[in-house]
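The structure appears below as structure tokens.
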Amino acid sequence: MEKVDITIIGAGIIGLAVSASVSKPSHAVYILEKNMSFGQEASGRNSEVIHAGIYYPKDSLKAKTCVEGNRLIYEICERDSILYKKVGKLIVASEKEELKELERLLQNGRQNGVSGLRILSARDVKDMEPNIRAPAALYSPDTGIVDSHNLMRHFFQKAKAQGADFVFQTEVRQIEKDGRGFRVSVGDADGTDFSFFTRILINCAGLNSDIIAELAGIDIKKENYILKFCKGEYFRVGANKSGMIKHLVYPVPNEKEVSLGIHATPDLGAGLRLGPDARYIERSRANYDIDGSRKEDFSRAVNRFLPFIESADLAADTAGIRAKLQGPQDGFRDFIICHEEEKGLPGLINLIGIDSPGLTCAPSIAKYVQNIVEELI
Ligand SMILES: Cc1cc2nc3c(=O)[nH]c(=O)nc-3n(C[C@H](O)[C@H](O)[C@H](O)COP(=O)(O)OP(=O)(O)OC[C@H]3O[C@@H](n4cnc5c(N)ncnc54)[C@H](O)[C@@H]3O)c2cc1C
């Protein structure tokens with residue numbers, strides 16, 4: 001049976017960044033991806049925002065990897081000429097009662113190490129964004145947008161140059177513990193099955209990462225690893241109004257909401273999108289359809305701070321699905337990044353529940369995983 005040192009399941013931004021960090025000419029590394037190419041699921045269906053790290057609880061993995069990932073992404077983009085714009089972000093209060101929450105986010109962001117945050121008065125907001133209505137806002141200068149496809153390509157090419165092998169249209173179907181490693185069985189597009197031995201197995205399978213953990217022998221119910229699917233849809237603003245704001249504009253998040261609220265994201269092509277919203281869906285009903293009739297809901301949601309938007313300005317755009325550990329009624333859940341040695345599975349590294357801000361965190365998560373791998377190899 002063929003033997004490799006490291007196998008990574010999934011070629012989204014997380015699997016790609018991890019592969020670029022752990023591959024070396026001296027290691028045999030496989031990246032298995034069920035789709036025809038990399039980045040076709042959550043990583044290719046997001047807002048492309050480089051978050052600053054304002055919202056997440058202090059010392060959480062989300063906070064730490066977001067703040068570091070933000071810095072690393074800008075460095076990579078500069079070094080490798082990947083398109084990005086540090087456009088800055090405004091979290092806008094729509095009512096006076098939300099000012100307290102802006103203050104809390106300011107303190108939280110500062111505790112997480114986010115620099116440059118400041119509260120803006122109504123006048124400051126008007127100077128910066130004349131078309132926004134807001135009595136105050138929290139300004140984050142380090143939030144930006146990135147060409148996520150080219151960022152993924154950067155990791156893909158780096159891993160390949162270091163000798164990693166990408167195997168597309170190949171789905172992991174079975175995993176068995178086998179001595180000091182794992183026997184992985186896969187099926188390819190032609191219906192051919194094969195299996196091989198890997199010493200280290202890194203699970204970056206996004207929406208399927210809980211199922212992969214279960215295949216490897218984890219009791220995912222007991223460990224609280226079961227994912228919930230949370231869909232987000234986007235609407236594009238017509239060209240006549242897309243230039244009316246220059247910054248990313250977010251509402252104050254509602255405590256009961258599981259996302260940051262429908263926001264406005266300028267893109268790198270001078271367009272403007274609204275979204276994503278957040279709706280839990282059944283796993284068995286996952287699809288990327290967009291319900292065009294929801295234009296009204298989207299325009300109503302942003303009208304509090306973007307009064308110039310009318311539903312007639314909106315056209316259905318794309319949708320993505322978040323892999324969430326947090327259910328609709330739950331509080332904060334952090335990323336799971338775990339070497340499963342204590343569960344009797346040394347060599348298995350699970351990455352589960354890598355929802356937002358996973359794109360931003362990717363290079364920092366990859367460093368974290370690299371440290372685990374270096375202890376093992
Ligand atoms: C609507 C939306 C908006 C978002 N906006 C932002 C944002 O602006 N900024 C930000 O930082 N983050 C954002 N995120 C979060 C970010 O997109 C994700 O955290 C990130 O893309 C997760 O990457 P991933 O590699 O874990 O998952 P994915 O990109 O989903 O990749 C997982 C891969 O595993 C493969 N796979 C699964 N099962 C198998 C198997 N059995 N065999 C082989 N391959 C398999 C899949 O085909 C897939 O390619 C957003 C997410 C969504 C959904």
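Residues are referred to by chain and number: the chain letter is A, B, ... according to the order shown in the structure tokens, the number counts from 1 in that chain, and ligands are numbered separately from 1 in the order shown.
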
Expected answer as a ChimeraX atom specification: residues within 7 Å of ligand 1, only C-alpha atoms and all ligand atoms: /A:9-15,32-35,38-51,170-173,204-209,212,231-233,276,319-322,354-361

In region 8-49 of chain A, DSSP alpha helix (DSSP H) residues written as a PyMOL selection string: chain A and resi 13-22

Kindly save the residues from that selection, with C-alpha atoms included, as a short mmCIF file (atom, residue, chain, number, x, y, z; two decimals), in the first residue's frame.
```cif
data_model
loop_
_atom_site.label_atom_id
_atom_site.label_comp_id
_atom_site.auth_asym_id
_atom_site.auth_seq_id
_atom_site.Cartn_x
_atom_site.Cartn_y
_atom_site.Cartn_z
CA ILE A 13 -8.63 28.38 2.00
CA ILE A 14 -7.87 26.45 5.21
CA GLY A 15 -6.59 23.26 3.52
CA LEU A 16 -4.61 25.39 1.06
CA ALA A 17 -2.98 27.59 3.71
CA VAL A 18 -2.19 24.52 5.84
CA SER A 19 -0.70 22.72 2.82
CA ALA A 20 1.54 25.71 2.07
CA SER A 21 2.76 25.68 5.71
CA VAL A 22 3.37 21.96 6.24
#
```

Two-atom distance - CA of Arg133 (chain A), CA of Phe308 (chain A) (Å):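 That distance, rounded to one decimal, is 9.7 Å.
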
Interatomic distance, CA of Ser140 (chain A) to CA of Asp334 (chain A) (Å, one decimal):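 CA of Asp334 (chain A) lies 22.6 Å from CA of Ser140 (chain A).
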
Residues of region 224-361 of chain A in strand (DSSP E or B), written as a PyMOL selection string: chain A and resi 228-237+248-251+263-266+272-275+279-281+314-324+336-339+348-352

Requested write-out: N, CA and C atoms of the selected residues, as a short mmCIF file (atom, residue, chain, number, x, y, z; two decimals), in the first residue's frame:
```
data_model
loop_
_atom_site.label_atom_id
_atom_site.label_comp_id
_atom_site.auth_asym_id
_atom_site.auth_seq_id
_atom_site.Cartn_x
_atom_site.Cartn_y
_atom_site.Cartn_z
N LYS A 228 -23.87 22.78 12.10
CA LYS A 228 -25.16 23.26 11.61
C LYS A 228 -24.87 24.10 10.36
N PHE A 229 -25.73 23.99 9.36
CA PHE A 229 -25.51 24.73 8.11
C PHE A 229 -26.27 26.06 8.18
N CYS A 230 -25.58 27.13 7.91
CA CYS A 230 -26.20 28.46 7.99
C CYS A 230 -25.93 29.20 6.68
N LYS A 231 -27.02 29.38 5.93
CA LYS A 231 -26.89 29.93 4.57
C LYS A 231 -26.88 31.46 4.58
N GLY A 232 -26.10 32.04 3.71
CA GLY A 232 -26.07 33.50 3.56
C GLY A 232 -26.22 33.87 2.10
N GLU A 233 -27.18 34.75 1.81
CA GLU A 233 -27.40 35.18 0.42
C GLU A 233 -26.94 36.62 0.25
N TYR A 234 -26.59 36.95 -1.00
CA TYR A 234 -26.15 38.32 -1.32
C TYR A 234 -27.02 38.92 -2.42
N PHE A 235 -27.21 40.23 -2.36
CA PHE A 235 -27.83 40.97 -3.46
C PHE A 235 -26.85 42.05 -3.92
N ARG A 236 -26.80 42.25 -5.25
CA ARG A 236 -25.89 43.26 -5.80
C ARG A 236 -26.66 44.57 -6.03
N VAL A 237 -25.99 45.68 -5.68
CA VAL A 237 -26.61 47.00 -5.85
C VAL A 237 -26.30 47.49 -7.28
N LEU A 248 -16.59 49.59 4.08
CA LEU A 248 -17.49 48.50 4.48
C LEU A 248 -18.40 49.09 5.55
N VAL A 249 -19.70 48.82 5.44
CA VAL A 249 -20.62 49.40 6.43
C VAL A 249 -21.46 48.28 7.04
N TYR A 250 -21.33 48.12 8.35
CA TYR A 250 -22.02 47.06 9.09
C TYR A 250 -22.94 47.68 10.13
N PRO A 251 -24.06 47.02 10.42
CA PRO A 251 -24.87 47.48 11.55
C PRO A 251 -24.22 47.00 12.86
N HIS A 263 -24.82 43.52 5.76
CA HIS A 263 -23.94 44.69 5.65
C HIS A 263 -23.67 45.04 4.19
N ALA A 264 -22.98 46.13 3.96
CA ALA A 264 -22.67 46.58 2.61
C ALA A 264 -21.18 46.42 2.38
N THR A 265 -20.85 45.70 1.31
CA THR A 265 -19.44 45.40 1.03
C THR A 265 -19.07 45.87 -0.36
N PRO A 266 -18.27 46.94 -0.43
CA PRO A 266 -17.75 47.30 -1.75
C PRO A 266 -16.79 46.20 -2.21
N LEU A 272 -20.90 46.92 -5.44
CA LEU A 272 -21.34 46.95 -4.04
C LEU A 272 -22.35 45.82 -3.83
N ARG A 273 -22.15 45.03 -2.77
CA ARG A 273 -23.09 43.95 -2.47
C ARG A 273 -23.68 44.15 -1.08
N LEU A 274 -24.91 43.68 -0.91
CA LEU A 274 -25.53 43.63 0.42
C LEU A 274 -25.61 42.18 0.84
N GLY A 275 -25.36 41.92 2.11
CA GLY A 275 -25.45 40.56 2.62
C GLY A 275 -24.16 40.20 3.32
N ARG A 279 -29.46 32.22 7.63
CA ARG A 279 -30.62 31.35 7.87
C ARG A 279 -30.16 29.92 8.00
N TYR A 280 -30.53 29.27 9.11
CA TYR A 280 -30.18 27.86 9.28
C TYR A 280 -31.00 27.01 8.32
N ILE A 281 -30.32 26.04 7.71
CA ILE A 281 -31.02 25.15 6.77
C ILE A 281 -30.69 23.69 7.12
N LEU A 314 -31.77 46.25 -6.37
CA LEU A 314 -31.06 45.02 -6.00
C LEU A 314 -31.30 43.88 -7.00
N ALA A 315 -30.23 43.13 -7.24
CA ALA A 315 -30.34 41.93 -8.07
C ALA A 315 -29.69 40.77 -7.34
N ALA A 316 -30.33 39.58 -7.43
CA ALA A 316 -29.78 38.40 -6.75
C ALA A 316 -28.35 38.17 -7.20
N ASP A 317 -27.46 37.86 -6.24
CA ASP A 317 -26.04 37.66 -6.57
C ASP A 317 -25.65 36.21 -6.25
N THR A 318 -24.86 36.00 -5.19
CA THR A 318 -24.41 34.63 -4.88
C THR A 318 -24.91 34.23 -3.49
N ALA A 319 -24.57 32.99 -3.10
CA ALA A 319 -24.89 32.52 -1.75
C ALA A 319 -23.76 31.63 -1.26
N GLY A 320 -23.61 31.55 0.04
CA GLY A 320 -22.62 30.65 0.64
C GLY A 320 -23.23 29.96 1.84
N ILE A 321 -22.58 28.90 2.31
CA ILE A 321 -23.10 28.20 3.50
C ILE A 321 -21.99 28.13 4.55
N ARG A 322 -22.33 28.60 5.75
CA ARG A 322 -21.35 28.59 6.86
C ARG A 322 -21.41 27.25 7.58
N ALA A 323 -20.26 26.73 7.95
CA ALA A 323 -20.17 25.50 8.75
C ALA A 323 -20.08 25.92 10.21
N LYS A 324 -21.24 25.93 10.90
CA LYS A 324 -21.27 26.50 12.25
C LYS A 324 -21.40 25.45 13.34
N ILE A 336 -12.75 24.72 16.45
CA ILE A 336 -12.07 23.54 17.02
C ILE A 336 -10.85 23.27 16.15
N ILE A 337 -9.68 23.37 16.76
CA ILE A 337 -8.44 22.95 16.08
C ILE A 337 -7.74 22.04 17.07
N CYS A 338 -7.81 20.74 16.82
CA CYS A 338 -7.43 19.80 17.88
C CYS A 338 -6.66 18.60 17.36
N HIS A 339 -5.49 18.37 17.97
CA HIS A 339 -4.78 17.11 17.72
C HIS A 339 -5.44 16.08 18.63
N LEU A 348 -4.20 12.55 14.09
CA LEU A 348 -5.39 13.17 13.49
C LEU A 348 -5.54 14.60 14.01
N ILE A 349 -5.58 15.56 13.10
CA ILE A 349 -5.79 16.96 13.49
C ILE A 349 -7.11 17.42 12.87
N ASN A 350 -8.06 17.73 13.73
CA ASN A 350 -9.38 18.16 13.26
C ASN A 350 -9.50 19.67 13.28
N LEU A 351 -10.03 20.22 12.17
CA LEU A 351 -10.38 21.65 12.14
C LEU A 351 -11.87 21.70 11.82
N ILE A 352 -12.67 22.04 12.82
CA ILE A 352 -14.13 21.95 12.67
C ILE A 352 -14.76 23.28 13.09
#
```

Best match for closeness to Ser148 (chain A) among A:Tyr74, A:Tyr84, A:Phe305, A:Tyr55, counting only C-alpha atoms: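 Closest candidate: A:Tyr84.
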
Polymer residues at most 8 Å from Gly347 (chain A), only C-alpha atoms, same-chain spacing of 5 or more positions, as a ChimeraX atom specification: /A:180-181,199-201,339-341,376

Interatomic distance, CA of Leu260 (chain A) to CA of Arg123 (chain A) (Å, one decimal):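 CA of Arg123 (chain A) lies at a distance of 24.6 Å from CA of Leu260 (chain A).
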
Within 12 Å of Ile132 (chain A) using only C-alpha atoms, minus same-chain residues under 6 positions, as JSON, numbers by chain: {"A": [90, 91, 92, 93, 94, 122, 123, 124, 125, 126, 244, 245, 246, 247, 248, 249, 250, 251, 264, 302, 303, 304, 305, 306, 307, 308, 309]}
